[in-house]
>>> print(open('upload.txt').read())   # compact mmCIF, C-alpha atoms
# COMPACT_ATOMS: atom_id res chain seq x y z
CA MET A 1053 -35.04 -7.57 -0.38
CA THR A 1054 -37.96 -6.42 -2.52
CA ALA A 1055 -36.99 -5.87 -6.16
CA LEU A 1056 -36.99 -2.23 -7.24
CA GLU A 1057 -39.67 -1.11 -9.66
CA THR A 1058 -38.30 -0.99 -13.18
CA ASP A 1059 -39.55 2.56 -13.74
CA CYS A 1060 -37.15 3.84 -11.05
CA ILE A 1061 -34.53 6.24 -12.41
CA PRO A 1062 -31.29 5.57 -10.51
CA GLN A 1063 -29.20 8.64 -9.80
CA LYS A 1064 -25.62 8.76 -8.65
CA PHE A 1065 -24.61 10.85 -5.65
CA PRO A 1066 -21.30 12.24 -6.95
CA ASP A 1067 -20.57 14.07 -3.72
CA ARG A 1068 -20.39 10.74 -1.88
CA TYR A 1069 -17.75 8.91 -3.90
CA VAL A 1070 -14.74 9.17 -6.19
CA GLU A 1071 -14.09 6.79 -9.04
CA THR A 1072 -11.37 5.83 -11.45
CA ALA A 1073 -11.12 3.48 -14.40
CA ILE A 1074 -8.09 1.17 -14.45
CA ASP A 1075 -7.67 -1.48 -17.11
CA ASP A 1076 -11.19 -2.84 -17.59
CA GLU A 1077 -12.47 -2.06 -14.10
CA VAL A 1078 -14.05 0.92 -12.44
CA VAL A 1079 -12.99 1.36 -8.83
CA VAL A 1080 -15.33 3.44 -6.67
CA MET A 1081 -14.40 4.68 -3.20
CA ARG A 1082 -17.10 5.78 -0.76
CA LEU A 1083 -15.87 9.00 0.82
CA SER A 1084 -17.53 8.51 4.20
CA ASP A 1085 -15.39 5.52 5.17
CA GLY A 1086 -12.96 4.75 2.33
CA ASP A 1087 -14.68 1.48 1.40
CA MET A 1088 -14.04 0.47 -2.19
CA TYR A 1089 -16.15 -1.19 -4.83
CA SER A 1090 -14.54 -2.87 -7.81
CA LEU A 1091 -16.91 -2.97 -10.75
CA GLU A 1092 -16.17 -5.32 -13.63
CA GLY A 1093 -18.14 -6.66 -16.58
CA THR A 1094 -21.88 -6.20 -16.21
CA ALA A 1095 -21.52 -4.21 -12.97
CA ARG A 1096 -19.18 -1.75 -14.69
CA ASP A 1097 -21.55 -1.43 -17.66
CA ILE A 1098 -24.55 -0.77 -15.42
CA TRP A 1099 -22.62 1.82 -13.38
CA ASN A 1100 -21.54 3.59 -16.55
CA SER A 1101 -25.14 3.54 -17.81
CA VAL A 1102 -26.58 5.27 -14.76
CA ASP A 1103 -27.02 8.84 -16.01
CA GLY A 1104 -29.97 10.09 -13.95
CA GLN A 1105 -32.11 10.09 -17.10
CA ARG A 1106 -32.87 6.47 -17.89
CA SER A 1107 -34.99 4.08 -15.85
CA ILE A 1108 -33.92 0.61 -14.76
CA ALA A 1109 -36.03 -0.80 -17.60
CA ARG A 1110 -34.36 1.40 -20.24
CA ILE A 1111 -30.86 0.74 -18.93
CA ALA A 1112 -31.55 -3.00 -18.96
CA ALA A 1113 -33.04 -2.88 -22.46
CA ASP A 1114 -30.05 -0.94 -23.82
CA LEU A 1115 -27.53 -3.31 -22.21
CA ALA A 1116 -29.40 -6.45 -23.29
CA LYS A 1117 -29.45 -5.17 -26.87
CA ARG A 1118 -25.80 -4.16 -26.83
CA HIS A 1119 -24.58 -7.49 -25.45
CA ASP A 1120 -27.29 -9.69 -27.00
CA HIS A 1121 -28.38 -10.96 -23.57
CA ASP A 1122 -31.74 -12.07 -22.17
CA PRO A 1123 -33.59 -8.81 -21.28
CA ALA A 1124 -35.31 -10.37 -18.25
CA GLN A 1125 -31.99 -11.51 -16.82
CA VAL A 1126 -30.31 -8.16 -17.44
CA THR A 1127 -33.27 -6.37 -15.81
CA ALA A 1128 -32.86 -8.54 -12.73
CA ASP A 1129 -29.11 -7.81 -12.69
CA VAL A 1130 -29.72 -4.05 -12.89
CA GLN A 1131 -32.33 -4.20 -10.13
CA VAL A 1132 -29.92 -6.04 -7.80
CA PHE A 1133 -26.99 -3.75 -8.66
CA VAL A 1134 -28.98 -0.55 -8.12
CA ALA A 1135 -30.38 -1.88 -4.85
CA GLU A 1136 -26.91 -2.82 -3.58
CA LEU A 1137 -25.27 0.47 -4.46
CA GLY A 1138 -28.35 2.26 -3.17
CA ALA A 1139 -27.91 0.49 0.17
CA ALA A 1140 -24.27 1.60 0.08
CA GLY A 1141 -25.43 5.20 -0.27
CA LEU A 1142 -23.94 5.75 -3.72
CA LEU A 1143 -27.17 5.77 -5.71
CA GLY A 1144 -30.67 7.12 -5.16
CA THR A 1145 -33.90 5.70 -6.61
CA ASP A 1146 -36.51 8.32 -5.73
CA ALA A 1147 -37.17 9.49 -9.28
CA ARG A 1148 -39.68 7.74 -11.54
CA GLU A 1149 -40.03 7.68 -15.30
CA ALA A 1150 -42.97 9.79 -16.42
CA MET M 11 19.87 16.83 2.05
CA GLN M 12 22.59 16.03 4.54
CA GLN M 13 20.95 18.38 7.03
CA GLU M 14 17.61 16.61 6.43
CA ASN M 15 19.18 13.29 7.29
CA ARG M 16 20.84 14.59 10.43
CA ALA M 17 19.84 12.64 13.53
CA ALA M 18 21.27 13.57 16.89
CA GLU M 19 20.55 12.81 20.50
CA GLY M 20 19.48 15.87 22.46
CA VAL M 21 16.62 17.46 24.32
CA VAL M 22 13.42 17.57 22.31
CA PRO M 23 11.52 20.89 22.42
CA GLN M 24 8.39 21.59 24.41
CA LEU M 25 5.34 21.64 22.17
CA GLU M 26 2.57 24.16 22.36
CA GLY M 27 -0.43 22.10 23.35
CA GLY M 28 1.82 19.39 24.77
CA TRP M 29 3.37 16.19 23.50
CA PRO M 30 1.16 13.37 22.24
CA ARG M 31 0.97 10.34 24.55
CA GLU M 32 2.43 7.27 22.85
CA GLY M 33 1.66 8.58 19.40
CA TRP M 34 2.27 11.14 16.69
CA ARG M 35 1.62 14.81 16.15
CA PHE M 36 2.21 16.47 12.80
CA GLY M 37 2.68 20.18 12.09
CA GLU M 38 3.25 22.10 8.86
CA ASP M 39 6.93 21.16 8.65
CA TRP M 40 7.52 19.04 11.75
CA PHE M 41 6.38 15.96 13.63
CA ALA M 42 6.74 14.61 17.14
CA LEU M 43 6.66 10.95 18.12
CA ASP M 44 6.27 9.79 21.69
CA GLN M 45 6.98 6.13 22.45
CA PRO M 46 7.59 4.36 25.77
CA GLY M 47 10.86 5.84 27.10
CA LEU M 48 11.69 7.66 23.82
CA ARG M 49 10.81 10.88 22.06
CA PHE M 50 11.63 11.97 18.51
CA PHE M 51 11.22 15.44 17.02
CA TYR M 52 11.79 16.28 13.36
CA ARG M 53 11.71 19.64 11.65
CA ARG M 54 12.26 20.00 7.92
CA GLY M 55 15.70 21.48 7.32
CA ALA M 56 16.95 20.65 10.80
CA GLY M 57 16.70 16.86 10.93
CA VAL M 58 15.75 14.59 13.83
CA THR M 59 16.41 15.05 17.52
CA TRP M 60 15.82 12.08 19.79
CA GLN M 61 15.74 11.89 23.56
CA VAL M 62 15.99 8.78 25.71
CA LEU M 63 13.76 8.99 28.78
CA ASP M 64 14.21 5.35 29.79
CA GLU M 65 17.67 3.84 29.19
CA THR M 66 16.24 0.34 28.70
CA GLN M 67 14.66 1.62 25.46
CA ARG M 68 17.87 3.09 23.98
CA LYS M 69 18.53 0.03 21.79
CA ALA M 70 15.26 0.66 19.94
CA VAL M 71 16.38 4.09 18.66
CA PRO M 72 18.05 2.82 15.44
CA LEU M 73 14.91 0.85 14.55
CA TYR M 74 12.75 3.96 14.83
CA LEU M 75 15.26 6.07 12.91
CA SER M 76 15.38 3.60 10.03
CA GLY M 77 11.66 2.77 10.18
CA SER M 78 8.72 4.94 11.19
CA VAL M 79 10.69 8.16 11.80
CA TYR M 80 12.35 7.78 8.39
CA ALA M 81 8.96 7.20 6.76
CA ALA M 82 7.35 10.15 8.52
CA ALA M 83 10.16 12.57 7.58
CA ALA M 84 9.86 11.43 3.98
CA SER M 85 6.07 11.84 4.07
CA LEU M 86 6.48 15.47 5.12
CA SER M 87 8.56 15.96 1.99
CA GLY M 88 5.85 14.45 -0.22
CA LEU M 89 7.43 11.01 -0.63
CA TYR M 90 5.05 8.06 -0.32
CA PRO M 91 6.28 5.36 2.11
CA LEU M 92 5.57 1.69 1.48
CA HIS M 93 6.06 -1.05 4.07
CA VAL M 94 8.03 -3.32 1.73
CA SER M 95 11.46 -4.77 1.02
CA ALA M 96 12.64 -4.68 -2.59
CA VAL M 97 15.18 -5.78 -5.20
CA LEU M 98 16.12 -4.57 -8.66
CA HIS M 99 15.81 -6.47 -11.96
CA ALA M 100 16.38 -5.10 -15.46
CA GLY M 101 16.20 -1.52 -14.24
CA ARG M 102 12.88 -1.92 -12.43
CA VAL M 103 12.05 -2.47 -8.78
CA HIS M 104 10.16 -5.49 -7.47
CA ALA M 105 8.90 -5.13 -3.92
CA PHE M 106 7.57 -7.57 -1.32
CA GLY M 107 4.92 -6.52 1.17
CA GLY M 108 2.97 -8.01 4.05
CA PRO M 109 2.62 -7.58 7.79
CA SER M 110 5.58 -7.79 10.16
CA GLY M 111 6.82 -11.38 10.24
CA ALA M 112 5.45 -12.21 6.77
CA GLY M 113 8.95 -12.82 5.41
CA LYS M 114 9.62 -9.66 3.37
CA SER M 115 13.26 -9.41 4.42
CA THR M 116 13.84 -13.16 4.15
CA ILE M 117 12.69 -13.47 0.54
CA THR M 118 14.55 -10.27 -0.35
CA ALA M 119 17.75 -11.64 1.21
CA ALA M 120 17.35 -14.87 -0.75
CA LEU M 121 16.86 -12.90 -3.98
CA ALA M 122 19.91 -10.78 -3.16
CA ALA M 123 21.88 -14.02 -2.72
CA ARG M 124 20.82 -14.92 -6.28
CA GLY M 125 22.28 -11.65 -7.53
CA TYR M 126 19.35 -9.24 -7.52
CA PRO M 127 20.60 -5.92 -6.14
CA LEU M 128 18.90 -4.82 -2.94
CA VAL M 129 16.85 -1.60 -3.11
CA ALA M 130 15.37 -1.27 0.38
CA ASP M 131 14.50 -3.24 3.49
CA ASP M 132 11.24 -2.75 5.38
CA THR M 133 10.51 0.81 4.25
CA MET M 134 10.76 2.06 0.68
CA LEU M 135 9.98 5.60 -0.44
CA LEU M 136 8.22 6.46 -3.68
CA TYR M 137 8.58 9.69 -5.62
CA LEU M 138 5.21 9.92 -7.32
CA GLY M 139 5.87 12.73 -9.80
CA SER M 140 3.03 13.84 -12.03
CA HIS M 141 2.57 10.81 -14.27
CA GLY M 142 3.76 7.29 -15.05
CA ALA M 143 5.24 4.68 -12.75
CA PRO M 144 6.37 5.89 -9.32
CA GLN M 145 10.13 6.09 -8.82
CA CYS M 146 11.73 4.22 -5.92
CA LEU M 147 14.35 5.84 -3.73
CA PRO M 148 17.13 3.50 -2.63
CA GLY M 149 16.64 2.85 1.08
CA HIS M 150 18.31 1.07 3.96
CA LYS M 151 20.67 -1.65 2.77
CA ARG M 152 21.22 -3.59 5.97
CA LEU M 153 18.71 -6.40 5.95
CA LYS M 154 17.28 -7.43 9.30
CA LEU M 155 16.50 -11.14 9.43
CA VAL M 156 15.06 -13.49 12.03
CA ARG M 157 17.43 -16.20 13.26
CA ASP M 158 15.99 -19.01 11.09
CA ALA M 159 16.18 -16.90 7.92
CA PHE M 160 19.98 -17.04 7.84
CA LYS M 161 19.85 -20.76 7.04
CA LEU M 162 17.25 -20.25 4.31
CA THR M 163 19.04 -17.40 2.58
CA GLY M 164 22.72 -18.13 3.14
CA ALA M 165 23.24 -14.64 4.56
CA ALA M 166 25.96 -14.04 7.14
CA ARG M 167 24.70 -13.02 10.59
CA GLU M 168 26.01 -9.91 12.31
CA GLU M 169 24.91 -8.02 15.45
CA VAL M 170 21.43 -7.98 17.01
CA ALA M 171 19.04 -5.56 15.29
CA ASP M 172 15.83 -6.12 17.25
CA GLY M 173 16.04 -8.24 20.39
CA GLU M 174 12.28 -8.44 20.88
CA ARG M 175 11.70 -9.99 17.47
CA ASP M 176 14.95 -12.00 17.52
CA LYS M 177 16.21 -10.14 14.45
CA PHE M 178 19.86 -9.73 13.44
CA TYR M 179 21.57 -7.62 10.81
CA ALA M 180 22.79 -9.53 7.75
CA ARG M 181 26.09 -8.79 6.07
CA ALA M 182 25.59 -7.24 2.62
CA ILE M 183 25.37 -10.10 0.12
CA ALA M 184 24.80 -8.34 -3.19
CA ASP M 185 25.26 -5.04 -4.92
CA ALA M 186 22.85 -2.38 -3.78
CA ALA M 187 20.88 -0.07 -6.06
CA GLU M 188 21.95 3.55 -5.73
CA ASN M 189 19.72 5.40 -8.20
CA LEU M 190 16.04 6.11 -8.74
CA TYR M 191 14.29 3.25 -10.53
CA PRO M 192 10.62 2.80 -11.53
CA LEU M 193 8.49 0.49 -9.42
CA ALA M 194 7.41 -2.57 -11.42
CA SER M 195 5.59 -4.77 -8.91
CA ILE M 196 4.56 -5.46 -5.34
CA THR M 197 4.09 -9.06 -4.22
CA PHE M 198 2.18 -9.53 -0.98
CA LEU M 199 3.33 -12.46 1.15
CA GLU M 200 0.61 -14.49 2.83
CA THR M 201 0.34 -17.78 4.67
CA SER M 202 -1.71 -20.41 2.85
CA ALA M 203 -2.12 -24.18 2.69
CA GLU M 204 -0.52 -24.44 -0.76
CA THR M 205 2.29 -22.53 -2.44
CA GLY M 206 0.97 -20.38 -5.27
CA LEU M 207 1.12 -16.93 -6.84
CA TYR M 208 -1.77 -15.06 -8.40
CA ILE M 209 -1.98 -11.62 -9.97
CA LEU M 210 -4.36 -9.02 -8.54
CA SER M 211 -6.93 -7.15 -10.62
CA SER M 212 -6.82 -3.36 -10.80
CA GLY M 213 -9.50 -2.91 -8.16
CA GLN M 214 -7.70 -5.31 -5.86
CA ARG M 215 -4.48 -3.38 -6.40
CA VAL M 216 -6.01 -0.10 -5.26
CA ALA M 217 -7.57 -1.81 -2.25
CA ARG M 218 -4.26 -3.40 -1.29
CA LEU M 219 -2.57 -0.01 -1.19
CA GLN M 220 -5.39 1.20 1.01
CA ASP M 221 -4.74 -1.76 3.30
CA ASP M 222 -1.29 -0.46 4.19
CA HIS M 223 -3.01 1.57 6.91
CA TYR M 224 0.00 2.77 8.83
CA THR M 225 1.95 4.30 5.98
CA ALA M 226 -1.22 5.61 4.30
CA TRP M 227 -2.25 7.29 7.55
CA MET M 228 1.21 8.78 7.98
CA PHE M 229 1.15 10.23 4.46
CA ASP M 230 -2.32 11.69 5.06
CA GLU M 231 -1.24 13.35 8.30
CA ALA M 232 1.99 14.72 6.89
CA GLN M 233 0.54 15.99 3.62
CA ARG M 234 -2.89 16.87 5.05
CA ILE M 235 -4.50 15.45 1.97
CA THR M 236 -8.10 14.49 1.54
CA ARG M 237 -9.40 10.98 0.98
CA PRO M 238 -10.17 11.64 -2.71
CA ARG M 239 -6.63 12.96 -3.28
CA ARG M 240 -5.09 9.87 -1.69
CA PHE M 241 -7.43 7.64 -3.70
CA ALA M 242 -6.20 9.34 -6.86
CA LEU M 243 -2.58 8.75 -5.84
CA GLN M 244 -3.22 5.11 -4.99
CA ALA M 245 -5.11 4.61 -8.25
CA ARG M 246 -2.17 6.02 -10.17
CA ILE M 247 0.28 3.71 -8.42
CA ALA M 248 -2.02 0.75 -9.04
CA GLU M 249 -2.45 1.68 -12.69
CA ASN M 250 1.27 1.62 -13.36
CA ILE M 251 2.47 -1.49 -11.57
CA SER M 252 1.68 -5.19 -11.29
CA MET M 253 0.65 -6.77 -7.99
CA ALA M 254 0.42 -10.36 -6.86
CA VAL M 255 -0.20 -12.47 -3.78
CA LEU M 256 2.37 -15.14 -3.00
CA GLY M 257 0.84 -17.67 -0.63
CA ARG M 258 2.91 -20.36 1.06
CA PRO M 259 2.81 -22.58 4.13
CA LYS M 260 4.80 -21.37 7.13
CA ASP M 261 6.96 -24.52 7.05
CA PRO M 262 10.50 -23.51 5.89
CA ALA M 263 10.57 -26.65 3.71
CA HIS M 264 8.27 -24.77 1.30
CA PHE M 265 10.54 -21.73 1.09
CA PRO M 266 12.51 -22.83 -2.04
CA ALA M 267 9.28 -23.35 -4.01
CA SER M 268 7.94 -19.94 -3.04
CA LEU M 269 11.29 -18.36 -3.88
CA ASP M 270 11.16 -19.96 -7.34
CA LEU M 271 7.71 -18.41 -7.90
CA ALA M 272 9.00 -15.00 -6.81
CA VAL M 273 11.92 -15.30 -9.24
CA ARG M 274 9.60 -16.32 -12.07
CA PHE M 275 7.31 -13.37 -11.34
CA ILE M 276 10.25 -10.96 -11.38
CA GLU M 277 11.82 -12.45 -14.50
CA THR M 278 8.53 -12.14 -16.39
CA ARG M 279 8.29 -8.49 -15.28
CA GLY M 280 5.29 -9.16 -13.10
CA THR M 281 3.15 -11.16 -15.51
CA TYR M 282 3.56 -14.78 -14.33
CA ASP M 283 0.58 -16.33 -12.51
CA SER M 284 0.93 -19.87 -11.16
CA SER M 285 -2.84 -20.39 -11.11
CA GLY M 286 -2.83 -20.39 -14.92
CA ASN M 287 -5.02 -17.29 -15.27
>>> encode(input="upload.txt", output="structure tokens")
Amino acid sequence: MTALETDCIPQKFPDRYVETAIDDEVVVMRLSDGDMYSLEGTARDIWNSVDGQRSIARIAADLAKRHDHDPAQVTADVQVFVAELGAAGLLGTDAREA
Amino acid sequence: MQQENRAAEGVVPQLEGGWPREGWRFGEDWFALDQPGLRFFYRRGAGVTWQVLDETQRKAVPLYLSGSVYAAAASLSGLYPLHVSAVLHAGRVHAFGGPSGAGKSTITAALAARGYPLVADDTMLLYLGSHGAPQCLPGHKRLKLVRDAFKLTGAAREEVADGERDKFYARAIADAAENLYPLASITFLETSAETGLYILSSGQRVARLQDDHYTAWMFDEAQRITRPRRFALQARIAENISMAVLGRPKDPAHFPASLDLAVRFIETRGTYDSSGN
């Protein structure tokens, strides 16, 4: 899978899923088939950071700063996460940062 | 309530649009179930009517009445059915789930022999309310056990309950719970190479409730709820209870060890994890 460009602005498709936070996880259910995604740790933080405003690069930079992690590694994590949930139909990546 | 629980043999009504073939049909306040040689019709306020079309199937009627028909009637009233057997400890209910043959009734019978009051066998109904832990309705108190389980649990064997699965009724061996109690935990029984018990994360808990396809489907049909609404209900159940998987080899020699783990889990109010996590 080709890595997404870091200027992509991921956007959630709220009409395609429901979500709930329990303990320290976010559980997301895809409405089309009932499949569930359990998001913990970094995955949960990325999901919660997707606001339709910030690019992959900005999300990664904010998370790396907040958790004092390697920015390159966090960027790679965000790219993979967004690609996976994009493939699942929960996120879109058409928008680009100006 | 007595009227709701009424079950009588009779002639089931004709249905506009016809009876389902070997399946269910739900209406606003009724359901119809067609099974080989048997038909069941329930209407809220009037109870269940059952009709035997093939006499060789008559012996299965009590199993339907205490199982899927019971769960469907409850679903129409907004109660959430779980395919579990359960006991009571310190005012809270600890349930055991898993597919048919997993050993739900056997481990429950063994716990009852140790003095834990029985809450329900095979089907337990939850009153969800608007917040907090779901409340468990006391259910059927006559445990149905496979032949070999009587040796493991010390229960006394009575008449045949289900000839096809070689199940017999067990004589009551402990006090039974009679009131509403909050649900504390569900332990799912699985076959594994080693005996062990591990606690499920919150996401896994929601998914496990989703896995109980039959009862979840029944609730959906009866309540005509949407997928998001059911997800919200399952999330609320998962949020308020503990869940674990108890794995053990099929060999009955491992039963005492798995029973000890179940007891430890119950006694710690659903917090013990044998994997050390």
>>> atom_distance(input="upload.txt", atom1="atom CA of M:Pro72", atom2="atom CA of M:Lys177")
13.1 Å
>>> atom_distance(input="upload.txt", atom1="atom CA of M:Arg53", atom2="atom CA of M:Asp39")
5.8 Å
>>> interface_residues(input="upload.txt", of="chain A", to="chain M", cutoff="9 Å", atoms="all atoms listed in the file", output="PDB file with C-alpha atoms, in the frame of the given file")
ATOM      1  CA  TYR A1069     -17.750   8.910  -3.900  1.00  0.00           C
ATOM      2  CA  VAL A1070     -14.740   9.170  -6.190  1.00  0.00           C
ATOM      3  CA  GLU A1071     -14.090   6.790  -9.040  1.00  0.00           C
ATOM      4  CA  THR A1072     -11.370   5.830 -11.450  1.00  0.00           C
ATOM      5  CA  ALA A1073     -11.120   3.480 -14.400  1.00  0.00           C
ATOM      6  CA  ILE A1074      -8.090   1.170 -14.450  1.00  0.00           C
ATOM      7  CA  ASP A1075      -7.670  -1.480 -17.110  1.00  0.00           C
ATOM      8  CA  ASP A1076     -11.190  -2.840 -17.590  1.00  0.00           C
ATOM      9  CA  GLU A1077     -12.470  -2.060 -14.100  1.00  0.00           C
ATOM     10  CA  VAL A1078     -14.050   0.920 -12.440  1.00  0.00           C
ATOM     11  CA  VAL A1079     -12.990   1.360  -8.830  1.00  0.00           C
ATOM     12  CA  VAL A1080     -15.330   3.440  -6.670  1.00  0.00           C
ATOM     13  CA  MET A1081     -14.400   4.680  -3.200  1.00  0.00           C
ATOM     14  CA  LEU A1083     -15.870   9.000   0.820  1.00  0.00           C
ATOM     15  CA  GLY A1086     -12.960   4.750   2.330  1.00  0.00           C
ATOM     16  CA  ASP A1087     -14.680   1.480   1.400  1.00  0.00           C
ATOM     17  CA  MET A1088     -14.040   0.470  -2.190  1.00  0.00           C
ATOM     18  CA  TYR A1089     -16.150  -1.190  -4.830  1.00  0.00           C
ATOM     19  CA  SER A1090     -14.540  -2.870  -7.810  1.00  0.00           C
ATOM     20  CA  LEU A1091     -16.910  -2.970 -10.750  1.00  0.00           C
ATOM     21  CA  GLU A1092     -16.170  -5.320 -13.630  1.00  0.00           C
TER      22      GLU A1092
END
>>> residues_around(input="upload.txt", residues="M:Ala130", least_positions_apart="2", cutoff="12 Å", atoms="all atoms listed in the file", output="PyMOL selection string")
chain M and resi 76-77+91-98+103-107+114-115+118-119+122+126-128+132-136+146-154+185-191
>>> atom_distance(input="upload.txt", atom1="atom CA of A:Ser1084", atom2="atom CA of A:Leu1142")
10.6 Å
>>> residues_near_point(input="upload.txt", point="(-24.6, 9.4, -11.4)", cutoff="7 Å", atoms="all atoms listed in the file", output="list in words")
Gln1063, Lys1064, Phe1065, Pro1066, Val1102, Asp1103 and Gly1104 of chain A
>>> residues_around(input="upload.txt", residues="A:Arg1118", least_positions_apart="6", cutoff="12 Å", atoms="all atoms listed in the file", output="number ranges by chain")
A: 1094, 1097-1098, 1101, 1111-1112, 1126
>>> closest_residue(input="upload.txt", among="M:Ala194, M:Leu207, M:Val22, M:Val255", to="M:Arg274", atoms="only C-alpha atoms")
M:Leu207
>>> residues_around(input="upload.txt", residues="M:Arg49", least_positions_apart="4", cutoff="12 Å", atoms="all atoms listed in the file", output="ChimeraX atom specification")
/M:18-24,29-35,41-45,58-64,67-68,70-71,74-75,79
>>> closest_residue(input="upload.txt", among="A:Gln1105, A:Gln1125, A:Gln1131, A:Asn1100", to="A:Glu1149", atoms="all atoms listed in the file")
A:Gln1105
>>> residues_around(input="upload.txt", residues="stretch 203-205 of chain M", least_positions_apart="6", cutoff="6 Å", atoms="all atoms listed in the file", output="JSON, numbers by chain")
{"M": [257, 258, 259]}
>>> closest_residue(input="upload.txt", among="A:Ile1108, A:Ala1150, A:Ala1128, A:Ala1139", to="A:Pro1062", atoms="all atoms listed in the file")
A:Ile1108
>>> residues_near_point(input="upload.txt", point="(13.4, -18.0, 1.8)", cutoff="10 Å", atoms="only C-alpha atoms", output="mmCIF file with C-alpha atoms, keeping the file's coordinate frame")
data_model
loop_
_atom_site.group_PDB
_atom_site.id
_atom_site.type_symbol
_atom_site.label_atom_id
_atom_site.label_comp_id
_atom_site.auth_asym_id
_atom_site.auth_seq_id
_atom_site.Cartn_x
_atom_site.Cartn_y
_atom_site.Cartn_z
ATOM 1 C CA GLY M 113 8.950 -12.820 5.410
ATOM 2 C CA LYS M 114 9.620 -9.660 3.370
ATOM 3 C CA SER M 115 13.260 -9.410 4.420
ATOM 4 C CA THR M 116 13.840 -13.160 4.150
ATOM 5 C CA ILE M 117 12.690 -13.470 0.540
ATOM 6 C CA THR M 118 14.550 -10.270 -0.350
ATOM 7 C CA ALA M 119 17.750 -11.640 1.210
ATOM 8 C CA ALA M 120 17.350 -14.870 -0.750
ATOM 9 C CA LEU M 121 16.860 -12.900 -3.980
ATOM 10 C CA ASP M 158 15.990 -19.010 11.090
ATOM 11 C CA ALA M 159 16.180 -16.900 7.920
ATOM 12 C CA PHE M 160 19.980 -17.040 7.840
ATOM 13 C CA LYS M 161 19.850 -20.760 7.040
ATOM 14 C CA LEU M 162 17.250 -20.250 4.310
ATOM 15 C CA THR M 163 19.040 -17.400 2.580
ATOM 16 C CA GLY M 164 22.720 -18.130 3.140
ATOM 17 C CA PRO M 262 10.500 -23.510 5.890
ATOM 18 C CA ALA M 263 10.570 -26.650 3.710
ATOM 19 C CA HIS M 264 8.270 -24.770 1.300
ATOM 20 C CA PHE M 265 10.540 -21.730 1.090
ATOM 21 C CA PRO M 266 12.510 -22.830 -2.040
ATOM 22 C CA ALA M 267 9.280 -23.350 -4.010
ATOM 23 C CA SER M 268 7.940 -19.940 -3.040
ATOM 24 C CA LEU M 269 11.290 -18.360 -3.880
ATOM 25 C CA ASP M 270 11.160 -19.960 -7.340
#
